[in-house]
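S.K.: The structure file data-v2.tsv (TSV, C-alpha atoms) is provided below.
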```
chain	number	residue	atom	x	y	z
A	611	MET	CA	-24.14	47.22	-11.97
A	612	MET	CA	-24.94	44.40	-14.37
A	613	SER	CA	-24.46	40.88	-13.01
A	614	ILE	CA	-23.06	38.09	-15.17
A	615	ALA	CA	-25.24	34.99	-15.46
A	616	ILE	CA	-23.43	31.87	-14.31
A	617	PRO	CA	-24.30	28.71	-16.29
A	618	LYS	CA	-25.93	25.83	-14.47
A	619	ILE	CA	-23.65	22.88	-13.82
A	620	THR	CA	-25.07	19.83	-15.59
A	621	LEU	CA	-22.09	17.54	-16.31
A	622	GLN	CA	-21.53	14.40	-14.22
A	623	ARG	CA	-17.97	13.49	-13.30
A	624	ARG	CA	-17.89	9.76	-14.16
A	625	PRO	CA	-19.46	10.22	-17.62
A	626	VAL	CA	-17.04	13.11	-18.20
A	627	VAL	CA	-14.03	10.92	-17.39
A	628	THR	CA	-15.45	8.11	-19.52
A	629	LYS	CA	-15.84	10.43	-22.52
A	630	ILE	CA	-12.33	11.86	-22.16
A	631	LEU	CA	-10.72	8.44	-21.87
A	632	GLU	CA	-12.59	6.80	-24.77
A	633	PRO	CA	-9.97	7.83	-27.39
A	634	ARG	CA	-7.03	6.99	-25.13
A	635	LYS	CA	-4.24	4.89	-26.59
A	636	ASP	CA	-0.85	4.87	-24.86
A	637	GLU	CA	-1.05	8.24	-23.12
A	638	LEU	CA	0.47	8.46	-19.65
A	639	LEU	CA	-1.93	9.50	-16.90
A	640	ILE	CA	-1.44	10.98	-13.42
A	641	THR	CA	-4.39	11.25	-11.04
A	642	GLY	CA	-4.75	13.55	-8.07
A	643	LEU	CA	-5.87	12.75	-4.56
A	644	GLY	CA	-9.29	11.21	-3.96
A	645	ALA	CA	-12.18	11.22	-6.41
A	646	PRO	CA	-10.12	11.78	-9.61
A	647	THR	CA	-8.27	8.55	-8.81
A	648	TRP	CA	-11.50	6.65	-8.21
A	649	ASP	CA	-13.07	8.12	-11.35
A	650	VAL	CA	-10.18	7.09	-13.58
A	651	ALA	CA	-9.89	3.65	-11.94
A	652	SER	CA	-13.61	3.06	-12.51
A	653	VAL	CA	-13.21	3.76	-16.23
A	654	SER	CA	-9.75	2.47	-17.08
A	655	ASP	CA	-7.35	0.91	-14.58
A	656	HIS	CA	-4.37	0.82	-16.91
A	657	PRO	CA	-0.64	0.22	-16.29
A	658	ASN	CA	-0.03	3.69	-17.77
A	659	ASN	CA	-1.96	5.20	-14.83
A	660	PHE	CA	-0.06	6.51	-11.82
A	661	TYR	CA	-2.35	7.20	-8.89
A	662	LEU	CA	-1.32	9.74	-6.28
A	663	TRP	CA	-2.90	8.58	-3.03
A	664	GLY	CA	-1.33	11.42	-1.04
A	665	GLY	CA	0.66	14.57	-1.62
A	666	MET	CA	-2.30	16.89	-2.16
A	667	GLY	CA	-1.32	19.61	-4.61
A	668	GLY	CA	1.36	17.54	-6.34
A	669	ALA	CA	-0.45	16.04	-9.34
A	670	VAL	CA	0.42	18.77	-11.86
A	671	SER	CA	4.06	18.92	-10.71
A	672	THR	CA	4.37	15.14	-11.01
A	673	GLY	CA	2.83	15.21	-14.46
A	674	LEU	CA	5.13	18.02	-15.54
A	675	GLY	CA	8.22	16.05	-14.54
A	676	LEU	CA	6.95	13.08	-16.53
A	677	ALA	CA	6.13	15.21	-19.57
A	678	LEU	CA	9.61	16.72	-19.57
A	679	ALA	CA	11.27	13.32	-19.11
A	680	LYS	CA	9.21	11.70	-21.91
A	681	PRO	CA	8.56	14.44	-24.48
A	682	GLU	CA	7.55	11.86	-27.08
A	683	ARG	CA	4.58	10.72	-24.94
A	684	ARG	CA	1.34	12.58	-24.23
A	685	VAL	CA	0.83	13.14	-20.49
A	686	LEU	CA	-2.60	13.79	-18.95
A	687	VAL	CA	-3.26	14.92	-15.39
A	688	PHE	CA	-6.70	14.43	-13.82
A	689	THR	CA	-7.14	16.35	-10.59
A	690	GLY	CA	-9.76	18.18	-8.56
A	691	ASP	CA	-10.40	21.84	-7.86
A	692	GLY	CA	-9.35	21.55	-4.20
A	693	GLU	CA	-5.99	20.06	-5.10
A	694	MET	CA	-5.48	22.51	-7.95
A	695	LEU	CA	-6.10	25.43	-5.60
A	696	MET	CA	-3.41	24.06	-3.31
A	697	GLY	CA	-0.94	23.72	-6.20
A	698	LEU	CA	-1.55	26.92	-8.19
A	699	GLY	CA	2.16	27.67	-8.33
A	700	SER	CA	2.72	24.52	-10.37
A	701	LEU	CA	0.74	26.08	-13.24
A	702	ALA	CA	3.29	28.89	-13.49
A	703	THR	CA	6.11	26.35	-13.67
A	704	VAL	CA	4.30	24.44	-16.41
A	705	ALA	CA	3.79	27.64	-18.39
A	706	VAL	CA	7.47	28.52	-18.13
A	707	GLN	CA	8.58	25.03	-19.21
A	708	LYS	CA	6.01	24.88	-22.06
A	709	PRO	CA	5.70	21.07	-22.47
A	710	LYS	CA	3.85	20.61	-25.74
A	711	ASN	CA	2.78	17.08	-24.72
A	712	PHE	CA	0.97	18.08	-21.52
A	713	ALA	CA	-2.73	18.41	-20.63
A	714	VAL	CA	-4.29	19.26	-17.27
A	715	ILE	CA	-7.92	18.28	-16.63
A	716	VAL	CA	-9.56	19.62	-13.46
A	717	LEU	CA	-12.82	18.01	-12.33
A	718	ASP	CA	-14.31	21.03	-10.59
A	719	ASN	CA	-17.27	20.18	-8.35
A	720	GLU	CA	-16.57	23.23	-6.16
A	721	ARG	CA	-16.07	20.93	-3.16
A	722	TYR	CA	-13.38	19.40	-0.96
A	723	GLY	CA	-14.54	15.81	-1.37
A	724	GLU	CA	-12.02	14.26	1.01
A	725	THR	CA	-12.95	16.31	4.06
A	726	GLY	CA	-16.73	16.62	4.03
A	727	MET	CA	-17.75	18.37	0.79
A	728	GLN	CA	-17.01	21.87	2.05
A	729	LYS	CA	-17.16	24.47	-0.72
A	730	THR	CA	-13.89	25.46	-2.37
A	731	ALA	CA	-12.99	28.91	-3.63
A	732	THR	CA	-14.26	28.01	-7.10
A	733	ALA	CA	-17.79	28.04	-5.65
A	734	SER	CA	-17.23	31.74	-4.91
A	735	GLY	CA	-16.07	32.65	-8.39
A	736	VAL	CA	-12.36	31.79	-8.49
A	737	ASP	CA	-11.68	30.95	-12.14
A	738	LEU	CA	-8.96	28.33	-12.50
A	739	SER	CA	-8.84	28.56	-16.28
A	740	LEU	CA	-8.31	32.32	-16.01
A	741	VAL	CA	-5.40	31.64	-13.65
A	742	ALA	CA	-3.92	29.18	-16.17
A	743	ARG	CA	-4.28	31.71	-19.00
A	744	GLY	CA	-2.77	34.39	-16.83
A	745	VAL	CA	0.42	32.42	-16.22
A	746	GLY	CA	0.76	31.54	-19.90
A	747	PHE	CA	-1.01	28.30	-20.80
A	748	HIS	CA	-1.40	27.88	-24.56
A	749	ILE	CA	-5.07	26.88	-24.19
A	750	ALA	CA	-7.10	27.24	-20.98
A	751	ARG	CA	-10.89	27.01	-20.79
A	752	THR	CA	-13.77	26.28	-18.46
A	753	ILE	CA	-16.08	23.54	-19.77
A	754	TRP	CA	-19.81	23.63	-18.99
A	755	THR	CA	-21.56	21.66	-21.75
A	756	GLU	CA	-21.37	18.37	-23.66
A	757	ASP	CA	-20.45	20.21	-26.87
A	758	GLU	CA	-17.60	22.02	-25.13
A	759	LEU	CA	-16.47	18.71	-23.62
A	760	SER	CA	-16.35	17.07	-27.06
A	761	GLU	CA	-14.15	19.86	-28.41
A	762	ALA	CA	-11.94	19.76	-25.34
A	763	THR	CA	-11.51	15.98	-25.61
A	764	ASN	CA	-10.13	16.33	-29.13
A	765	GLU	CA	-7.70	19.02	-28.00
A	766	ILE	CA	-6.58	17.05	-24.94
A	767	TYR	CA	-5.06	14.47	-27.27
A	768	SER	CA	-3.97	16.63	-30.19
A	769	ALA	CA	-3.48	20.31	-29.33
A	770	HIS	CA	-0.03	21.81	-28.86
A	771	GLY	CA	0.37	22.08	-25.10
A	772	PRO	CA	0.35	22.89	-22.40
A	773	VAL	CA	-3.45	22.87	-22.30
A	774	PHE	CA	-5.79	23.29	-19.32
A	775	TYR	CA	-9.47	22.43	-18.95
A	776	ASN	CA	-11.50	23.21	-15.86
A	777	ILE	CA	-14.57	21.00	-16.23
A	778	LYS	CA	-17.55	22.01	-14.11
A	779	VAL	CA	-19.21	18.87	-12.71
A	780	GLN	CA	-22.01	18.38	-10.23
A	781	PRO	CA	-21.16	17.30	-6.68
A	782	SER	CA	-21.87	13.58	-6.50
A	783	ASP	CA	-21.42	10.58	-4.26
A	784	ASP	CA	-20.14	8.04	-6.76
A	785	PRO	CA	-19.03	4.68	-5.35
A	786	MET	CA	-15.32	4.37	-4.63
A	787	VAL	CA	-13.44	2.25	-7.14
A	788	LEU	CA	-10.13	1.74	-5.42
A	789	PRO	CA	-7.09	0.74	-7.51
A	790	GLU	CA	-3.90	-0.63	-6.01
A	791	LYS	CA	-3.00	1.43	-2.93
A	792	ASP	CA	0.56	0.26	-2.32
A	793	GLY	CA	2.88	3.01	-3.55
A	794	LEU	CA	5.79	0.69	-4.28
A	795	SER	CA	3.62	-1.65	-6.36
A	796	LEU	CA	2.18	1.30	-8.28
A	797	LYS	CA	5.65	2.64	-8.94
A	798	HIS	CA	6.93	-0.69	-10.24
A	799	ARG	CA	3.84	-1.25	-12.41
A	800	PHE	CA	4.09	2.21	-13.97
A	801	LYS	CA	7.87	2.11	-14.35
A	802	GLY	CA	7.77	-1.34	-15.90
A	803	GLN	CA	5.16	-0.28	-18.44
A	804	LEU	CA	6.97	2.97	-19.19
A	805	LEU	CA	10.36	1.33	-19.70
A	806	GLY	CA	9.07	-1.84	-21.32
A	807	ARG	CA	9.96	-4.13	-18.43
A	808	LYS	CA	7.86	-6.65	-16.59
A	809	LYS	CA	6.43	-5.72	-13.21
A	810	LEU	CA	8.97	-6.30	-10.46
```
So, in terms of structure tokens, how does the structure I just supplied come out?
M.R.:
Amino acid sequence: MMSIAIPKITLQRRPVVTKILEPRKDELLITGLGAPTWDVASVSDHPNNFYLWGGMGGAVSTGLGLALAKPERRVLVFTGDGEMLMGLGSLATVAVQKPKNFAVIVLDNERYGETGMQKTATASGVDLSLVARGVGFHIARTIWTEDELSEATNEIYSAHGPVFYNIKVQPSDDPMVLPEKDGLSLKHRFKGQLLGRKKL
């Protein structure tokens, strides 16, 4: 039986997030629990960011609700492989709703970063992009290289959604960059920016 060669993971998560956010304008952004929040905050702590400090598994569902409520705005979700595995059912709901303004970006280091860096199922071959394609995502790919990341970055902002990118990144111990942690303050900041009102 012929084995399939698995590419070596070379991408680093903070540079990946930096590259993806470079073209950002007024897109709305939801981050999942833990490292995706710190990564985004380290690159661009923006009023259009809504950080989920808890509710593991809820980032895609939260982003979907926002995308449906504001179809004229592009909505990006940054989450991790551990959280995405917990919320796989949300991908089916996204595919059924078909929000054309929606992009999901998974930073897949094959680890549960919040609980000790235990390996997730993606380290054993579970293919999140294949799951997304299977439920009906318009575009769903696994990203391994800088060239693939450049192409994906263009599509994240322009392709007809929903789109899904599982970006393979090396496990790393990047310093925490902690944005505002108070949920009420985050809600008011995001809501005020979204509705054109001053922070309450």
S.K.: How close does stretch 702-808 of chain A get to stretch 640-645 of chain A? List, as a Markdown table, each residue of stretch 702-808 of chain A within 12 Å, its nearest atom pair and the distance in Å to one decimal, counting only C-alpha atoms.
M.R.:
```
| residue | atom | partner | partner_atom | distance |
| --- | --- | --- | --- | --- |
| A:Phe712 | CA | A:Ile640 | CA | 11.0 |
| A:Ala713 | CA | A:Ile640 | CA | 10.4 |
| A:Val714 | CA | A:Ile640 | CA | 9.6 |
| A:Ile715 | CA | A:Thr641 | CA | 9.7 |
| A:Val716 | CA | A:Gly642 | CA | 9.4 |
| A:Leu717 | CA | A:Ala645 | CA | 9.0 |
| A:Asp718 | CA | A:Ala645 | CA | 10.9 |
| A:Asn719 | CA | A:Ala645 | CA | 10.5 |
| A:Arg721 | CA | A:Ala645 | CA | 11.0 |
| A:Tyr722 | CA | A:Gly644 | CA | 9.6 |
| A:Gly723 | CA | A:Ala645 | CA | 7.2 |
| A:Glu724 | CA | A:Gly644 | CA | 6.4 |
| A:Thr725 | CA | A:Gly644 | CA | 10.2 |
| A:Met727 | CA | A:Ala645 | CA | 11.6 |
| A:Pro781 | CA | A:Ala645 | CA | 10.8 |
| A:Ser782 | CA | A:Ala645 | CA | 10.0 |
| A:Asp783 | CA | A:Ala645 | CA | 9.5 |
| A:Asp784 | CA | A:Ala645 | CA | 8.6 |
| A:Pro785 | CA | A:Ala645 | CA | 9.5 |
| A:Met786 | CA | A:Ala645 | CA | 7.7 |
| A:Val787 | CA | A:Ala645 | CA | 9.1 |
| A:Leu788 | CA | A:Gly644 | CA | 9.6 |
| A:Pro789 | CA | A:Gly644 | CA | 11.3 |
| A:Lys791 | CA | A:Gly644 | CA | 11.7 |
| A:Leu796 | CA | A:Ile640 | CA | 11.5 |
| A:Lys797 | CA | A:Ile640 | CA | 11.8 |
| A:Phe800 | CA | A:Ile640 | CA | 10.4 |
```
S.K.: Please measure the separation of atom CA of A:Asp737 and atom CA of A:Leu698, giving the value in Å to one decimal.
M.R.: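 These atoms are spaced 11.6 Å apart.
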S.K.: Please determine, counting all atoms listed in the file, which residue among A:Lys618, A:Arg743, A:Arg799, A:Lys710 has the shortest atom-to-atom distance to A:Leu686.
M.R.: A:Lys710
S.K.: Write out as a list of chain:residue names each polymer residue whose atoms come within 10 Å of A:Ser700, counting all atoms listed in the file; drop sequence neighbours fewer than 2 positions from it.
M.R.: A:Gly667, A:Gly668, A:Ala669, A:Val670, A:Ser671, A:Thr672, A:Leu674, A:Met694, A:Met696, A:Gly697, A:Leu698, A:Ala702, A:Thr703, A:Val704, A:Ala705, A:Val706, A:Ala742
S.K.: I need the residue nearest A:Val741 from this list: A:Val779, A:Leu678, A:Ile753, A:Leu695. Use all atoms listed in the file for the distance.
M.R.: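 Of A:Val779, A:Leu678, A:Ile753, A:Leu695, the one nearest A:Val741, counting all atoms listed in the file, is A:Leu695.
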S.K.: For A:Pro772, which of A:Glu693, A:Ala733, A:Arg684, A:Gly802 is the closest residue, counting all atoms listed in the file?
M.R.: A:Arg684
S.K.: In Å, how far is it from atom CA of A:Val627 to atom CA of A:Ile777?
M.R.: 10.2 Å
S.K.: Compile the contact shell of A:Trp754 as a count of residues only: residues with an atom at most 12 Å away, counting all atoms listed in the file, same-chain residues fewer than 6 positions apart removed.
M.R.: 21
S.K.: Can you measure atom CA of A:Thr628 to atom CA of A:Thr752 for me? One decimal in Å is fine.
M.R.: 18.3 Å
S.K.: Need the axis-aligned box for stretch 688-703 of chain A with 5 Å each side, so what are the centre and edges in Å to one decimal, as lines of an AutoDock Vina configuration file?
M.R.:
```
center_x = -2.1
center_y = 21.7
center_z = -8.6
size_x = 26.5
size_y = 24.5
size_z = 20.5
```
S.K.: Ranking A:Gly664, A:Gly690, A:Pro625, A:Gly675 by minimum distance to A:Pro646 and counting only C-alpha atoms, which one comes first?
M.R.: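 Smallest distance to A:Pro646 is found for A:Gly690.
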S.K.: Please identify all polymer residues lying at most 12 Å from the point (-1.3, 1.0, -15.9) (file coordinates), using all atoms listed in the file, and present the result as a PyMOL selection string.
M.R.: chain A and resi 635-641+650-651+654-661+789-790+795-804+808-809
S.K.: With distances taken over only C-alpha atoms, which of A:Gly699, A:Asn711, A:Glu720, A:Val653 is nearest to A:Lys680?
M.R.: A:Asn711
